[in-house]
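Here is input07.pdb, consisting of PDB, C-alpha atoms, pLDDT in the B column:
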```pdb
ATOM      1  CA  MET A 225      -4.153  -2.570  22.616  1.00 95.00           C
ATOM      2  CA  LYS A 226      -4.753   1.016  21.564  1.00 94.00           C
ATOM      3  CA  LEU A 227      -2.443   0.670  18.595  1.00 92.00           C
ATOM      4  CA  ARG A 228      -4.098  -2.611  17.513  1.00 94.00           C
ATOM      5  CA  ARG A 229      -7.531  -0.991  17.831  1.00 96.00           C
ATOM      6  CA  LEU A 230      -6.427   1.971  15.708  1.00 94.00           C
ATOM      7  CA  THR A 231      -4.858  -0.231  13.040  1.00 94.00           C
ATOM      8  CA  ARG A 232      -8.073  -2.259  12.770  1.00 95.00           C
ATOM      9  CA  LEU A 233     -10.100   0.939  12.198  1.00 96.00           C
ATOM     10  CA  VAL A 234      -7.613   2.236   9.642  1.00 95.00           C
ATOM     11  CA  SER A 235      -7.635  -1.128   7.852  1.00 95.00           C
ATOM     12  CA  ARG A 236     -11.433  -1.099   7.723  1.00 96.00           C
ATOM     13  CA  HIS A 237     -11.341   2.402   6.228  1.00 97.00           C
ATOM     14  CA  TYR A 238      -8.919   1.382   3.456  1.00 97.00           C
ATOM     15  CA  ASP A 239     -10.621  -2.004   2.949  1.00 97.00           C
ATOM     16  CA  ALA A 240     -13.921  -0.229   2.256  1.00 97.00           C
ATOM     17  CA  HIS A 241     -12.318   1.772  -0.549  1.00 97.00           C
ATOM     18  CA  LEU A 242     -10.327  -1.121  -1.994  1.00 97.00           C
ATOM     19  CA  ALA A 243     -13.359  -3.430  -1.951  1.00 96.00           C
ATOM     20  CA  GLN A 244     -14.518  -1.541  -5.047  1.00 96.00           C
ATOM     21  CA  CYS A 245     -11.785  -3.323  -7.001  1.00 95.00           C
ATOM     22  CA  GLY A 246     -11.962  -6.604  -5.076  1.00 94.00           C
ATOM     23  CA  LEU A 247      -8.896  -6.229  -2.867  1.00 96.00           C
ATOM     24  CA  LYS A 248      -8.183  -5.962   0.835  1.00 94.00           C
ATOM     25  CA  THR A 249      -5.536  -3.684   2.299  1.00 94.00           C
ATOM     26  CA  THR A 250      -3.087  -6.534   2.872  1.00 92.00           C
ATOM     27  CA  GLN A 251      -3.550  -7.746  -0.703  1.00 94.00           C
ATOM     28  CA  TYR A 252      -3.089  -4.263  -2.137  1.00 96.00           C
ATOM     29  CA  SER A 253       0.112  -3.737  -0.149  1.00 93.00           C
ATOM     30  CA  LEU A 254       1.539  -7.012  -1.415  1.00 94.00           C
ATOM     31  CA  LEU A 255       0.460  -6.398  -4.989  1.00 96.00           C
ATOM     32  CA  ALA A 256       1.853  -2.851  -4.973  1.00 95.00           C
ATOM     33  CA  ILE A 257       5.297  -3.895  -3.731  1.00 95.00           C
ATOM     34  CA  ILE A 258       5.463  -6.877  -6.076  1.00 96.00           C
ATOM     35  CA  ALA A 259       4.339  -4.812  -9.084  1.00 95.00           C
ATOM     36  CA  ASP A 260       6.678  -1.935  -8.258  1.00 94.00           C
ATOM     37  CA  ARG A 261       9.783  -3.914  -7.218  1.00 93.00           C
ATOM     38  CA  GLY A 262       9.283  -7.400  -8.620  1.00 82.00           C
ATOM     39  CA  PRO A 263      10.203  -9.983  -9.423  1.00 91.00           C
ATOM     40  CA  LEU A 264      11.361 -10.567  -5.863  1.00 92.00           C
ATOM     41  CA  ARG A 265      12.622 -13.589  -4.007  1.00 92.00           C
ATOM     42  CA  GLN A 266      10.009 -14.679  -1.497  1.00 91.00           C
ATOM     43  CA  GLY A 267      12.458 -14.193   1.394  1.00 89.00           C
ATOM     44  CA  GLU A 268      13.262 -10.668   0.244  1.00 91.00           C
ATOM     45  CA  LEU A 269       9.554  -9.833   0.029  1.00 93.00           C
ATOM     46  CA  ALA A 270       8.960 -11.198   3.537  1.00 92.00           C
ATOM     47  CA  ARG A 271      11.826  -9.065   4.839  1.00 89.00           C
ATOM     48  CA  LEU A 272      10.496  -5.919   3.111  1.00 89.00           C
ATOM     49  CA  LEU A 273       7.114  -6.433   4.760  1.00 89.00           C
ATOM     50  CA  SER A 274       8.458  -7.619   8.130  1.00 86.00           C
ATOM     51  CA  LEU A 275       6.515 -10.881   7.720  1.00 90.00           C
ATOM     52  CA  ASP A 276       7.508 -14.442   8.515  1.00 91.00           C
ATOM     53  CA  ALA A 277       7.555 -16.920   5.629  1.00 88.00           C
ATOM     54  CA  SER A 278       4.325 -18.728   6.555  1.00 91.00           C
ATOM     55  CA  THR A 279       2.353 -15.469   6.886  1.00 93.00           C
ATOM     56  CA  LEU A 280       3.657 -14.292   3.525  1.00 93.00           C
ATOM     57  CA  THR A 281       2.678 -17.588   1.887  1.00 92.00           C
ATOM     58  CA  ARG A 282      -0.812 -17.380   3.384  1.00 94.00           C
ATOM     59  CA  ASN A 283      -1.220 -13.742   2.257  1.00 94.00           C
ATOM     60  CA  LEU A 284       0.029 -14.496  -1.265  1.00 95.00           C
ATOM     61  CA  ARG A 285      -2.372 -17.401  -1.816  1.00 95.00           C
ATOM     62  CA  PRO A 286      -5.489 -15.315  -2.733  1.00 95.00           C
ATOM     63  CA  LEU A 287      -3.431 -13.216  -5.173  1.00 96.00           C
ATOM     64  CA  VAL A 288      -1.970 -16.319  -6.808  1.00 96.00           C
ATOM     65  CA  ASN A 289      -5.406 -17.989  -6.977  1.00 96.00           C
ATOM     66  CA  ALA A 290      -6.850 -14.858  -8.622  1.00 96.00           C
ATOM     67  CA  GLY A 291      -4.085 -14.869 -11.246  1.00 96.00           C
ATOM     68  CA  LEU A 292      -2.672 -11.532 -10.054  1.00 97.00           C
ATOM     69  CA  VAL A 293       0.675 -12.847  -8.849  1.00 97.00           C
ATOM     70  CA  SER A 294       2.825 -15.803  -9.820  1.00 95.00           C
ATOM     71  CA  VAL A 295       5.276 -17.693  -7.632  1.00 92.00           C
ATOM     72  CA  ASP A 296       7.867 -19.543  -9.674  1.00 89.00           C
ATOM     73  CA  ALA A 297      11.122 -21.378  -9.104  1.00 83.00           C
ATOM     74  CA  GLY A 298      13.958 -19.010  -8.306  1.00 74.00           C
ATOM     75  CA  ARG A 299      17.582 -19.056  -9.350  1.00 80.00           C
ATOM     76  CA  ASP A 300      18.346 -22.029  -7.148  1.00 77.00           C
ATOM     77  CA  ALA A 301      16.273 -25.049  -6.153  1.00 72.00           C
ATOM     78  CA  ARG A 302      15.367 -23.648  -2.732  1.00 79.00           C
ATOM     79  CA  SER A 303      14.215 -20.159  -3.688  1.00 81.00           C
ATOM     80  CA  ARG A 304      10.929 -18.925  -5.077  1.00 88.00           C
ATOM     81  CA  GLU A 305      10.389 -15.732  -7.072  1.00 93.00           C
ATOM     82  CA  VAL A 306       7.235 -13.661  -6.855  1.00 95.00           C
ATOM     83  CA  SER A 307       6.085 -11.435  -9.710  1.00 95.00           C
ATOM     84  CA  ALA A 308       2.938  -9.606 -10.762  1.00 96.00           C
ATOM     85  CA  THR A 309       1.073 -10.912 -13.778  1.00 96.00           C
ATOM     86  CA  ALA A 310      -0.302  -8.584 -16.450  1.00 97.00           C
ATOM     87  CA  ALA A 311      -3.699  -8.793 -14.723  1.00 97.00           C
ATOM     88  CA  GLY A 312      -2.028  -7.967 -11.409  1.00 97.00           C
ATOM     89  CA  ARG A 313      -0.267  -4.921 -12.833  1.00 96.00           C
ATOM     90  CA  ASP A 314      -3.533  -3.712 -14.390  1.00 96.00           C
ATOM     91  CA  LEU A 315      -5.427  -4.153 -11.121  1.00 97.00           C
ATOM     92  CA  ARG A 316      -2.635  -2.389  -9.234  1.00 96.00           C
ATOM     93  CA  VAL A 317      -3.155   0.695 -11.428  1.00 95.00           C
ATOM     94  CA  GLN A 318      -6.917   0.617 -10.796  1.00 96.00           C
ATOM     95  CA  ALA A 319      -6.501  -0.037  -7.070  1.00 97.00           C
ATOM     96  CA  ARG A 320      -4.058   2.849  -6.714  1.00 96.00           C
ATOM     97  CA  GLN A 321      -6.915   5.254  -7.462  1.00 96.00           C
ATOM     98  CA  HIS A 322      -9.040   3.728  -4.694  1.00 97.00           C
ATOM     99  CA  TRP A 323      -6.061   3.885  -2.325  1.00 97.00           C
ATOM    100  CA  LYS A 324      -5.537   7.578  -3.133  1.00 97.00           C
ATOM    101  CA  ARG A 325      -9.215   8.267  -2.461  1.00 97.00           C
ATOM    102  CA  ALA A 326      -8.967   6.423   0.854  1.00 97.00           C
ATOM    103  CA  GLN A 327      -5.890   8.478   1.768  1.00 97.00           C
ATOM    104  CA  LEU A 328      -7.628  11.751   0.911  1.00 97.00           C
ATOM    105  CA  ASP A 329     -10.651  10.767   3.011  1.00 97.00           C
ATOM    106  CA  PHE A 330      -8.374   9.710   5.863  1.00 97.00           C
ATOM    107  CA  ASN A 331      -6.539  13.054   5.679  1.00 97.00           C
ATOM    108  CA  ARG A 332      -9.859  14.907   5.713  1.00 97.00           C
ATOM    109  CA  VAL A 333     -11.130  13.071   8.804  1.00 96.00           C
ATOM    110  CA  ILE A 334      -7.891  12.992  10.802  1.00 96.00           C
ATOM    111  CA  GLY A 335      -6.302  16.184   9.484  1.00 97.00           C
ATOM    112  CA  THR A 336      -3.146  16.421   7.404  1.00 96.00           C
ATOM    113  CA  ASP A 337      -1.031  17.671  10.319  1.00 97.00           C
ATOM    114  CA  ARG A 338      -2.070  14.705  12.482  1.00 97.00           C
ATOM    115  CA  VAL A 339      -1.491  12.289   9.610  1.00 96.00           C
ATOM    116  CA  ALA A 340       2.001  13.695   9.036  1.00 97.00           C
ATOM    117  CA  ALA A 341       2.754  13.440  12.765  1.00 97.00           C
ATOM    118  CA  LEU A 342       1.395   9.898  12.831  1.00 95.00           C
ATOM    119  CA  HIS A 343       3.622   8.916   9.894  1.00 95.00           C
ATOM    120  CA  GLU A 344       6.632  10.393  11.644  1.00 97.00           C
ATOM    121  CA  GLN A 345       5.877   8.567  14.900  1.00 96.00           C
ATOM    122  CA  VAL A 346       5.274   5.264  13.124  1.00 94.00           C
ATOM    123  CA  ASP A 347       8.524   5.615  11.144  1.00 95.00           C
ATOM    124  CA  ASN A 348      10.475   6.466  14.292  1.00 96.00           C
ATOM    125  CA  CYS A 349       9.009   3.571  16.291  1.00 94.00           C
ATOM    126  CA  TYR A 350       9.571   1.171  13.405  1.00 90.00           C
ATOM    127  CA  GLN A 351      13.219   2.185  13.119  1.00 91.00           C
ATOM    128  CA  LEU A 352      13.783   1.828  16.870  1.00 93.00           C
ATOM    129  CA  LEU A 353      12.262  -1.641  16.882  1.00 91.00           C
ATOM    130  CA  ILE A 354      14.267  -2.716  13.827  1.00 87.00           C
ATOM    131  CA  GLU A 355      17.463  -1.506  15.503  1.00 88.00           C
ATOM    132  CA  GLU A 356      16.510  -3.313  18.709  1.00 88.00           C
ATOM    133  CA  GLU A 357      16.030  -6.548  16.779  1.00 82.00           C
ATOM    134  CA  GLY A 358      19.331  -5.992  14.978  1.00 78.00           C
ATOM    135  CA  GLN A 359      17.730  -6.109  11.542  1.00 57.00           C
ATOM    136  CA  GLU A 360      18.593  -4.037   8.556  1.00 52.00           C
ATOM    137  CA  GLU A 361      15.902  -1.540   7.490  1.00 47.00           C
ATOM    138  CA  ASN A 362      14.866  -2.290   3.897  1.00 48.00           C
ATOM    139  CA  GLY A 363      11.122  -1.668   4.174  1.00 48.00           C
ATOM    140  CA  PRO A 364       8.847   0.421   2.000  1.00 48.00           C
TER     141      PRO A 364
END
```
Rewrite the structure from the file as structure tokens, please.
Amino acid sequence: MKLRRLTRLVSRHYDAHLAQCGLKTTQYSLLAIIADRGPLRQGELARLLSLDASTLTRNLRPLVNAGLVSVDAGRDARSREVSATAAGRDLRVQARQHWKRAQLDFNRVIGTDRVAALHEQVDNCYQLLIEEEGQEENGP
């Protein structure tokens, strides 16, 4: 419960900054990965984000509806490919500045040493859980 409470506060902090360009934290994360690594198969994107297929589809919908991301037929009939549109790539550049500002504010409030320690703990816990599940680590 403590971790969930902390992640909600952190999300609110980043959401407040990203709201200036019309995005939420989850949308920015998706857009950033798609713009940086795309086009990606939908399954590959879900794996990178540790999301199930239905959650990914639900999270992609607002980006697709806004014309920031496209989901098209993949190489075979069963796959779908996700890519950023020109508008999505442009917004990603703008949103990156808001994200950086949010990170600087977060560092100021929490302290850079605590933030670095938090990153290390999160990375370590993530890796342990991935190994426990028997998955391959391909995340961001």
For a quick check of understanding, using all atoms listed in the file, which of A:Asp314, A:Asp296, A:Asp329, A:Asp337 has the smallest distance to His237 (chain A)?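 Residue with the minimum atom-to-atom distance to His237 (chain A): A:Asp329.
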Nearest-residue call for Ile258 (chain A), choices A:Arg271, A:Arg232, A:Arg299, A:Arg313, using all atoms listed in the file: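 When distances to Ile258 (chain A) are compared using all atoms listed in the file, the smallest one comes from A:Arg313.
Between CA of Gln244 (chain A) and CA of Asn289 (chain A) the interatomic distance comes to 18.9 Å.
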Using the chain letters and numbering of this document, enumerate as a PyMOL selection string the residues selected by the PyMOL selection byres ((chain A and resi 234) around 12). chain A and resi 227-233+235-241+249-250+326-327+329-331+333-334+339
One decimal, Å: what's the distance from CA of Leu242 (chain A) over to CA of Trp323 (chain A), could you say?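 Going from CA of Leu242 (chain A) over to CA of Trp323 (chain A) covers 6.6 Å.
Taking CA of Gln351 (chain A) and CA of Ala270 (chain A) as endpoints, the distance between them is 17.0 Å.
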